[in-house]
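A.B. asks: Have a look at the structure that comes next, please.
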Amino acid sequence: MSFLINGKDVSATPRPGQCLRTFLRETGHFGVKKGCDAGDCGACTVLLDGEPVHSCLIPAFRAEDHAITTIEGLESDGGLHPMQQAFVDAQGFQCGFCTAGMILTCASLNQAQRQDLGAALKGNICRCTGYRAIEDALDGVCNIEDVPAGEAFGRSLPAPAGPQIVRGQARYTFDTAVDGLCHVKLARSPHAHAKIVAIDKTAALAVPGVIEVLTHEDAPSALFSTARHEKAWMDPDDTRVLDDTVRFIGQKVAAVIAESEAAAEEGCRRLAITYEPLPAVVDPGEAIAPGAPVIHPGRTPQDRVANAARNIVAEGHGEYGDVAAALAVSAVTYEGTFTTQRVQHAALETHGGLAWLDASGVLNIRSSTQVPFLTRRALSDIFNLPPETIRVFCERVGGGFGGKQEMFVEDILALAALKTGRPVKLEFTREEQFIASSTRHPMRVTVKAGADRDGKLTALQLDVLSNTGAYGNHAGPVLFHACGESLGVYNCPNKKVDAVVAYTNTVPAGAFRGYGLPQSLFAVEAAIDELAQQLKIDPFEIRRRNVVKPGDPMLYPPDNGYRDVMYGSYGLDQCLDLVERAMSETTSTPDLSAEWLTGDGIALTMIDTVPPDGHIADVAIALRDDGGFALTVGTAEFGNGTSTVHRQIAATILATTVDQITLKQSDTAHGGHDTGAYGSAGTFVAGRATQAAAEHLANELKTFAAQFWTVDPNACALADGRVMHGRQRLSFAELARQAGAEGVRLSATGNSQGTPRSVAFNVQGFRVAVNKHTGEIRILKSVQAADAGRVANPMQCRGQVEGGVAQSLGATLYEEMVIDATGRVVNPKFRDYHLPSFADVPRTEVLFAQTSDALGPLGAKSMSESPYNPVAAALGNALRAATGIRFTSVPFKPDRLFPLLQEKYGD
Amino acid sequence: MDLNTITEVVRPQSRADLPAWKAGDAWLAGGTWLFSEPQAHLSRLIDLTDLRWPALVVGDTSLTIAATCTVAHLDAFPCPADWQAAPLIDQCCRAFLASFKIWKTATVGGNLCMSLPAGPMISLLSALEGICTIWKADGSEQKMAVAEFVTGNQRNVLGPGDLLRQIEVPLAALKRRAAFRQISLTPVGRSAALVIGTIGRDGDLLLTITASTVKPVQLRWPTMPTRDAMRDSILRDVPDGLYHDDVHGKPAWRKAMTRRLAEQIRDELTGSAQA
């Protein structure tokens, strides 16, 4: 068959059931992405005879003799199409995985469609940006600056990968062609809890193309956690690469390795697996009750499972003062129970990777990960291999949100590559993302709170039951984090926590943006509001009277022993003022009928800028021969924007421009160590290491020039790409030549240990309208103030805040993984799991506090998780203000709000 | 997505060319649903494209829509001015959960055959009193109302090898005055209730309830009913068990919204409209 792809004739014969998406990728067009493979997300959009279509839904044979344009061919001469240029100018992307499809769609909109972007773009999901930057691209707004040497920090510089992203040339995990690549498909459990009695591989191995079938008999016996932390003791050892017991529907049972995906899939279907079903429990309350089926018998506190017989992974109990006594005498009290649902990260790039043994015997793993170094450490332990024989790396990652602070594929990829000696690939389907990766921890939080007549808090108590699913990855740390800063931000003499996280026979929960705080804040910030209501104190005022200020201890029980969190800066007061001022400004009220009730709500959040117990980053930097600099960091780029920030930090300290700095990243082969891009540490920790490395190198440059001139190095300075001493000038290129002539290599390293830690703050305000007869919500105003210290890149930081609000609005209003009584995920696809689209996300006004952090790099603080945290709480408070009803569970879907609204307001 | 168990695609050019139906066969119209989910039970696709059914034919008494007519093609059809109900076409297209990019490929017949409660072509063609023509596997033909064609959530009257050929919409139905209301849990999401009312010159009302119910429900009145009469009728004639229950809306809410939307339609068609 003949196809005209990007103006070139291509002769090839697609398989009968092949879709256009994979056909285009097989012919080298890696700009065509897979987000859902089901027509819901638009990442695979191409033009067919000039019209945009979702290539995952088009039978490839139907494109015969038609003209196909992928992102690579949108502009023929290697330049940028105006829409590509607009996305660069507006920086209408973060991770960039949706960008190719977004640009092709936007480029084909007519004027009428551009007037109604909510409808026109409902087939294009962006999980990162919150769509404002995409709208800016369509409006021709330029959000980037060009700045002189040495002034990069604090300015809105573009992401270095922008030109590649808009051309579809940025390489994500699967955007590479490997000769002889084999494919891994996983047979998954249909049972929520079962013992595997036997696996007959015969029929599977007989499928043409099937090379190997791996089961628990092939897997190492080592127990580990898929969660990755700097300290392995943070998570329980309860997981095997392949186990002889399955504990949730969807757990991997066997891996089939074959020369094609089709053969691997057929091999999975031909496996004869005999199960002995075991009693299962899917409700966390039932799971911790006496007599419940025990999910991990045999695990002990030595494995970091607190009480396996009661399905309790971890628990914490503690009290400061006497909460009960204080509540008994408080002027006002409030008690309420709040539930948060199970949500999915929905990064558009699914989990997956490739593995191969190179000529020197090193096991190479290229995967979609936030934690390459910790993954290598885990593989080294599990397979008993020296670390230097394993390389784990990623190029660009298509979104993470915490979901890739786990090892879901690298273990089975390693096993497959080691057993077969062949290069192997495993790419999760969208359904596998939902049923077999991880989710946010659903929580039930009961809060009790009291205050005196002046609105000073007298007591705060949390009773938390978290559901970690079948495995304990991140179970304890998320639970304790939930009970941490949410209470620590308030001065209160009596505080109490009872927190338990339970195993259930459901898909595991794991790390998720916010790491427990969004769930607990939903309860705590509601309680603060309820006390204010009773006392008739303004919501801003009651918070001002109670929040910690520099000098106040940030306390929450039980004492965790950490003493390294301090006020490197403090902008919570400013954040409250900024939101209060913005909310008080008059806004044009839309024309709403009397059916619509309106109200305002706010919530605040504090977050430690680094996870506890060590977060390490090594950075190296060297002067290149051409006078530029080679910067090597371990931290990964998945839309967090740290690639931009690292260059800004180095360029500022080295008095140059960012284009003079090339960045290598996220590859264990580069040496050093990096704990990973999680816990909002990409700027605060790794950035600090970059700062140290750049400062060391700046000294090296001055010292070398001083020797050349025989002057005092302290009298030398860097400016405008040169070393200067009085009237003497030596450009970095001349310096490099001179150093080369003398055989000197000018380079330096920097390290950060992630301690001491600072605190960052956010305050969210919403004005909502609620239809009392339908339950529909409209967001009339959204404001978030952020205390990010000295903002490294205002444009990017704004994007992080907007994206966090958008993702959190998804969890607040729409998203919910529904699990039935048998433990099965009912809605494992985007069309049944509603991600916010353009039409769903209001514009959020983003305001920054003016602070500079004593601990962060050049005064900056982290700002990637925390914008997500106060959103559900603020919206719940706004709903309460509008309706007089306290809604206590999310998502706030119209059909959930309806019964209480109807009860109060009638038909 | 790739349908890796498919080993053969046949492309018949006439009804006589249609292969004998066997297990593992599927009709391929637009393919937008077929290729959106794993179909491991399928081995052969029978592509309907080369049958070259004319997409839209206006006759003396009806508009004939081929099952393979794309949604975009229908949406772009220049309707005569006296087709007062024509705006329903655009409104129902916009009620698709899928975007305009899918409309170019998805077919009207495919939407009927999927038989999802929220299928907007089901809403449209039920309300317009469309008549399906089915090519039965045994070579015979069968005609039935669209509202009867769909029998439940993802269920319809088609047996193995039966093929939906076309839908005939009476021009008389297109000339009725129409009102449309739809609600979803999200601003541009899947319909949780989609209600259409049409009135004829004599003032008779046809109310078509879809999306909230697992199959279309049609209520008729010779003259415009009172608000109470309409409410009573909906309560009486739409049993609770018919309201759909899934992640796109709870049955009690769908029921309440159905009644609300029906009342708004009544208000609009009687001229006491409110937004």
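By order of appearance in the structure tokens: chains A, B, ..., then residues from 1 within every chain, and ligands from 1 in the order shown.
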At a cut-off of 7 Å, can you tabulate as a Markdown table every residue of chain A near chain B together with its closest atom pair and the distance in Å to one decimal, using only C-alpha atoms and ordering rows by chain then number?
C.D. replies:
```
| residue | atom | partner | partner_atom | distance |
| --- | --- | --- | --- | --- |
| A:Pro16 | CA | B:Glu8 | CA | 5.8 |
| A:Gly17 | CA | B:Leu3 | CA | 4.6 |
| A:Gln18 | CA | B:Asp2 | CA | 4.5 |
| A:Cys19 | CA | B:Asp2 | CA | 5.1 |
| A:Asp37 | CA | B:Met1 | CA | 5.1 |
| A:Ala38 | CA | B:Ser36 | CA | 3.9 |
| A:Gly39 | CA | B:Ser36 | CA | 6.2 |
| A:Pro52 | CA | B:Lys101 | CA | 5.8 |
| A:Val53 | CA | B:Lys101 | CA | 5.0 |
| A:His54 | CA | B:Lys101 | CA | 6.8 |
| A:Cys56 | CA | B:Met1 | CA | 5.2 |
| A:Leu57 | CA | B:Phe35 | CA | 5.2 |
| A:Ala119 | CA | B:Val188 | CA | 6.9 |
| A:Ala120 | CA | B:Ser99 | CA | 6.9 |
| A:Lys122 | CA | B:Ser99 | CA | 5.8 |
| A:Gly123 | CA | B:Ser99 | CA | 4.9 |
| A:Ala262 | CA | B:Asn4 | CA | 5.2 |
| A:Asp832 | CA | B:Val247 | CA | 6.7 |
| A:Ala839 | CA | B:Pro187 | CA | 6.5 |
| A:Asp840 | CA | B:Pro187 | CA | 6.3 |
| A:Lys893 | CA | B:Leu185 | CA | 6.3 |
| A:Pro894 | CA | B:Leu185 | CA | 6.0 |
| A:Asp895 | CA | B:Trp253 | CA | 5.4 |
| A:Phe898 | CA | B:Trp253 | CA | 6.8 |
```
A.B. asks: Please identify all polymer residues within 10 Å of stretch 233-245 of chain B, counting only C-alpha atoms, omitting same-chain residues fewer than 4 positions from it, and present them as a PyMOL selection string.
C.D. replies: chain B and resi 117-118+152-153+192-193+207+209-220+225+227-229+249-256+258-259+262
A.B. asks: For A:Glu742, list every protein, DNA or RNA residue within 12 Å, evaluated using only C-alpha atoms, and leave out those in the same chain fewer than 6 positions away; present the list as a tab-separated table (two decimals) with C-alpha atoms, in the first residue's frame.
C.D. replies:
```tsv
chain	number	residue	atom	x	y	z
A	704	PHE	CA	42.53	30.38	36.96
A	707	GLN	CA	46.90	33.03	38.03
A	708	PHE	CA	47.03	33.96	34.35
A	735	LEU	CA	39.71	30.97	29.35
A	736	ALA	CA	38.76	27.54	28.01
```
A.B. asks: Can you check which residues of stretch 396-503 of chain A DSSP gives as strand (DSSP E) on the backbone and send them as a tab-separated table (two decimals) with C-alpha atoms, in the first residue's frame?
C.D. replies:
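What landed in result.tsv:
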```tsv
chain	number	residue	atom	x	y	z
A	424	VAL	CA	12.52	-5.75	25.68
A	425	LYS	CA	9.79	-3.16	25.93
A	426	LEU	CA	6.80	-2.90	28.24
A	427	GLU	CA	4.30	-0.12	27.69
A	443	MET	CA	-9.09	8.70	53.23
A	444	ARG	CA	-11.78	9.10	55.82
A	445	VAL	CA	-10.85	11.93	58.15
A	446	THR	CA	-12.79	12.85	61.26
A	447	VAL	CA	-11.86	16.25	62.61
A	448	LYS	CA	-12.71	17.71	65.98
A	449	ALA	CA	-11.91	21.33	66.66
A	450	GLY	CA	-12.62	23.92	69.28
A	451	ALA	CA	-12.01	27.62	69.75
A	457	LEU	CA	-8.05	27.49	68.59
A	458	THR	CA	-8.27	25.39	71.73
A	459	ALA	CA	-8.19	21.89	70.27
A	460	LEU	CA	-7.55	20.10	66.99
A	461	GLN	CA	-7.94	16.37	66.55
A	462	LEU	CA	-7.69	14.12	63.52
A	463	ASP	CA	-8.83	10.54	63.26
A	464	VAL	CA	-7.67	9.20	59.91
A	465	LEU	CA	-8.31	5.94	58.13
A	466	SER	CA	-6.36	5.65	54.90
A	467	ASN	CA	-6.71	2.90	52.30
A	468	THR	CA	-3.44	1.82	50.73
A	469	GLY	CA	-4.90	-1.00	48.68
A	495	LYS	CA	-3.66	18.47	69.39
A	496	LYS	CA	-4.34	14.79	68.93
A	497	VAL	CA	-3.87	12.34	66.09
A	498	ASP	CA	-5.07	8.78	65.61
A	499	ALA	CA	-4.10	7.59	62.17
A	500	VAL	CA	-4.24	4.17	60.57
A	501	VAL	CA	-3.57	2.98	57.05
A	502	ALA	CA	-5.14	-0.30	56.00
A	503	TYR	CA	-4.43	-2.91	53.40
```
A.B. asks: For B:Asp90, which of B:Asp50, B:Asp25, B:Asp75, B:Asp204 is the closest residue, counting only C-alpha atoms?
C.D. replies: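 Looking only at the distances to B:Asp90, the closest residue turns out to be B:Asp75.
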A.B. asks: Determine which residues of stretch 85-137 of chain B receive a DSSP assignment of alpha helix (DSSP H), computed from the backbone, and state them as a PDB file with C-alpha atoms, in the first residue's frame.
C.D. replies:
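Result file follows (out09.pdb):
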```
ATOM      1  CA  PRO B  87     -31.308  22.877  14.810  1.00  0.00           C
ATOM      2  CA  LEU B  88     -31.668  19.577  16.668  1.00  0.00           C
ATOM      3  CA  ILE B  89     -29.011  18.129  14.374  1.00  0.00           C
ATOM      4  CA  ASP B  90     -26.350  20.549  15.524  1.00  0.00           C
ATOM      5  CA  GLN B  91     -27.515  20.372  19.129  1.00  0.00           C
ATOM      6  CA  CYS B  92     -27.316  16.588  19.156  1.00  0.00           C
ATOM      7  CA  CYS B  93     -23.912  16.551  17.446  1.00  0.00           C
ATOM      8  CA  ARG B  94     -22.629  18.883  20.125  1.00  0.00           C
ATOM      9  CA  PHE B 100     -15.544  17.274  16.275  1.00  0.00           C
ATOM     10  CA  LYS B 101     -12.446  15.316  15.252  1.00  0.00           C
ATOM     11  CA  ILE B 102     -14.339  12.088  15.902  1.00  0.00           C
ATOM     12  CA  TRP B 103     -17.452  13.289  14.080  1.00  0.00           C
ATOM     13  CA  VAL B 108     -24.819   7.848  12.488  1.00  0.00           C
ATOM     14  CA  GLY B 109     -25.505   4.122  12.226  1.00  0.00           C
ATOM     15  CA  GLY B 110     -22.585   3.278  14.444  1.00  0.00           C
ATOM     16  CA  ASN B 111     -23.975   5.471  17.176  1.00  0.00           C
ATOM     17  CA  LEU B 112     -27.347   3.746  16.946  1.00  0.00           C
ATOM     18  CA  CYS B 113     -25.771   0.299  16.969  1.00  0.00           C
ATOM     19  CA  MET B 114     -23.607   1.111  20.014  1.00  0.00           C
ATOM     20  CA  PRO B 120     -27.036  11.531  20.679  1.00  0.00           C
ATOM     21  CA  MET B 121     -27.964  10.160  17.244  1.00  0.00           C
ATOM     22  CA  ILE B 122     -30.419   7.910  19.063  1.00  0.00           C
ATOM     23  CA  SER B 123     -31.854  10.998  20.740  1.00  0.00           C
ATOM     24  CA  LEU B 124     -32.043  12.886  17.462  1.00  0.00           C
ATOM     25  CA  LEU B 125     -33.513  10.168  15.316  1.00  0.00           C
ATOM     26  CA  SER B 126     -35.962   8.969  17.946  1.00  0.00           C
ATOM     27  CA  ALA B 127     -37.245  12.495  18.357  1.00  0.00           C
TER      28      ALA B 127
END
```
A.B. asks: What lies within 10 Å of stretch 133-141 of chain A using only C-alpha atoms, ignoring chain neighbours under 3 positions off, as a PyMOL selection string?
C.D. replies: chain A and resi 82-94+99+102-103+106-107+114+117+126+129-130+144+795+798-799+802-803+838
A.B. asks: Considering only C-alpha atoms, state which residue in the set B:Leu74, B:Leu261, B:Ala173, B:Val57 is at the smallest distance from B:Val195.
C.D. replies: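 That would be B:Leu261, the residue with the smallest distance to B:Val195.
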A.B. asks: Give me, as a VMD selection string, all polymer residues having an atom no more than 9 Å from stretch 525-538 of chain A, counting only C-alpha atoms and skipping those fewer than 4 positions away in the same chain.
C.D. replies: chain A and resid 331 to 336 447 to 455 457 486 520 to 521 542 to 543 601 to 605 870 873 to 874 876 to 877 886 888
A.B. asks: Just want the 10 Å neighbourhood of B:Leu206, counted on only C-alpha atoms, with same-chain residues fewer than 3 positions away dropped. Output as a PyMOL selection string.
C.D. replies: chain B and resi 127-129+176+178+196-200+203+209+218-224
A.B. asks: Using only N, CA and C atoms, please write the residues we just selected to a file, as a short mmCIF file (atom, residue, chain, number, x, y, z; two decimals), in the first residue's frame.
C.D. replies:
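This is the output file again-v9.cif:
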```cif
data_model
loop_
_atom_site.label_atom_id
_atom_site.label_comp_id
_atom_site.auth_asym_id
_atom_site.auth_seq_id
_atom_site.Cartn_x
_atom_site.Cartn_y
_atom_site.Cartn_z
N ALA B 127 -36.39 11.31 18.28
CA ALA B 127 -37.25 12.50 18.36
C ALA B 127 -37.81 12.85 16.98
N LEU B 128 -37.03 12.56 15.92
CA LEU B 128 -37.49 12.86 14.57
C LEU B 128 -38.26 11.69 13.96
N GLU B 129 -38.60 10.75 14.80
CA GLU B 129 -39.48 9.64 14.41
C GLU B 129 -38.89 8.82 13.26
N ARG B 176 -41.61 19.94 12.25
CA ARG B 176 -42.23 20.28 13.53
C ARG B 176 -41.33 21.26 14.28
N ALA B 178 -39.29 22.37 17.48
CA ALA B 178 -38.59 21.51 18.42
C ALA B 178 -37.92 22.30 19.53
N ILE B 196 -35.98 15.94 24.23
CA ILE B 196 -36.38 16.72 23.06
C ILE B 196 -37.90 16.72 22.98
N GLY B 197 -38.44 17.89 22.72
CA GLY B 197 -39.88 17.97 22.48
C GLY B 197 -40.13 18.53 21.09
N THR B 198 -41.13 17.97 20.40
CA THR B 198 -41.53 18.56 19.11
C THR B 198 -43.05 18.73 19.11
N ILE B 199 -43.49 19.82 18.50
CA ILE B 199 -44.94 19.97 18.34
C ILE B 199 -45.28 20.19 16.87
N GLY B 200 -46.38 19.61 16.50
CA GLY B 200 -46.85 19.74 15.13
C GLY B 200 -47.79 20.92 14.98
N GLY B 203 -50.59 21.15 17.27
CA GLY B 203 -50.31 21.35 18.69
C GLY B 203 -50.03 20.09 19.46
N ILE B 209 -37.42 11.15 25.66
CA ILE B 209 -36.47 11.13 26.79
C ILE B 209 -35.37 10.14 26.45
N GLN B 218 -40.73 7.60 24.72
CA GLN B 218 -41.46 8.67 24.04
C GLN B 218 -42.86 8.80 24.62
N LEU B 219 -43.23 10.01 24.90
CA LEU B 219 -44.55 10.32 25.43
C LEU B 219 -45.25 11.28 24.47
N ARG B 220 -46.53 11.00 24.21
CA ARG B 220 -47.27 11.81 23.24
C ARG B 220 -48.54 12.38 23.88
N TRP B 221 -48.83 13.60 23.49
CA TRP B 221 -50.08 14.22 23.90
C TRP B 221 -50.71 14.87 22.67
N PRO B 222 -52.01 14.74 22.52
CA PRO B 222 -52.67 15.35 21.37
C PRO B 222 -52.62 16.88 21.43
N THR B 223 -52.59 17.42 22.65
CA THR B 223 -52.41 18.86 22.81
C THR B 223 -51.42 19.05 23.95
N MET B 224 -50.89 20.26 24.07
CA MET B 224 -49.89 20.51 25.10
C MET B 224 -50.46 20.20 26.49
#
```
A.B. asks: Identify which of the residues B:Thr68, B:Thr151, B:Gln39, B:Gln182 lies closest to B:Gly24, counting only C-alpha atoms when measuring atom-to-atom distances.
C.D. replies: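 Closest residue, counting only C-alpha atoms: B:Gln39.
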A.B. asks: What's the 7 Å shell around B:Gln84, counting only C-alpha atoms, without same-chain residues fewer than 6 positions away, as a ChimeraX atom specification?
C.D. replies: /B:174-177
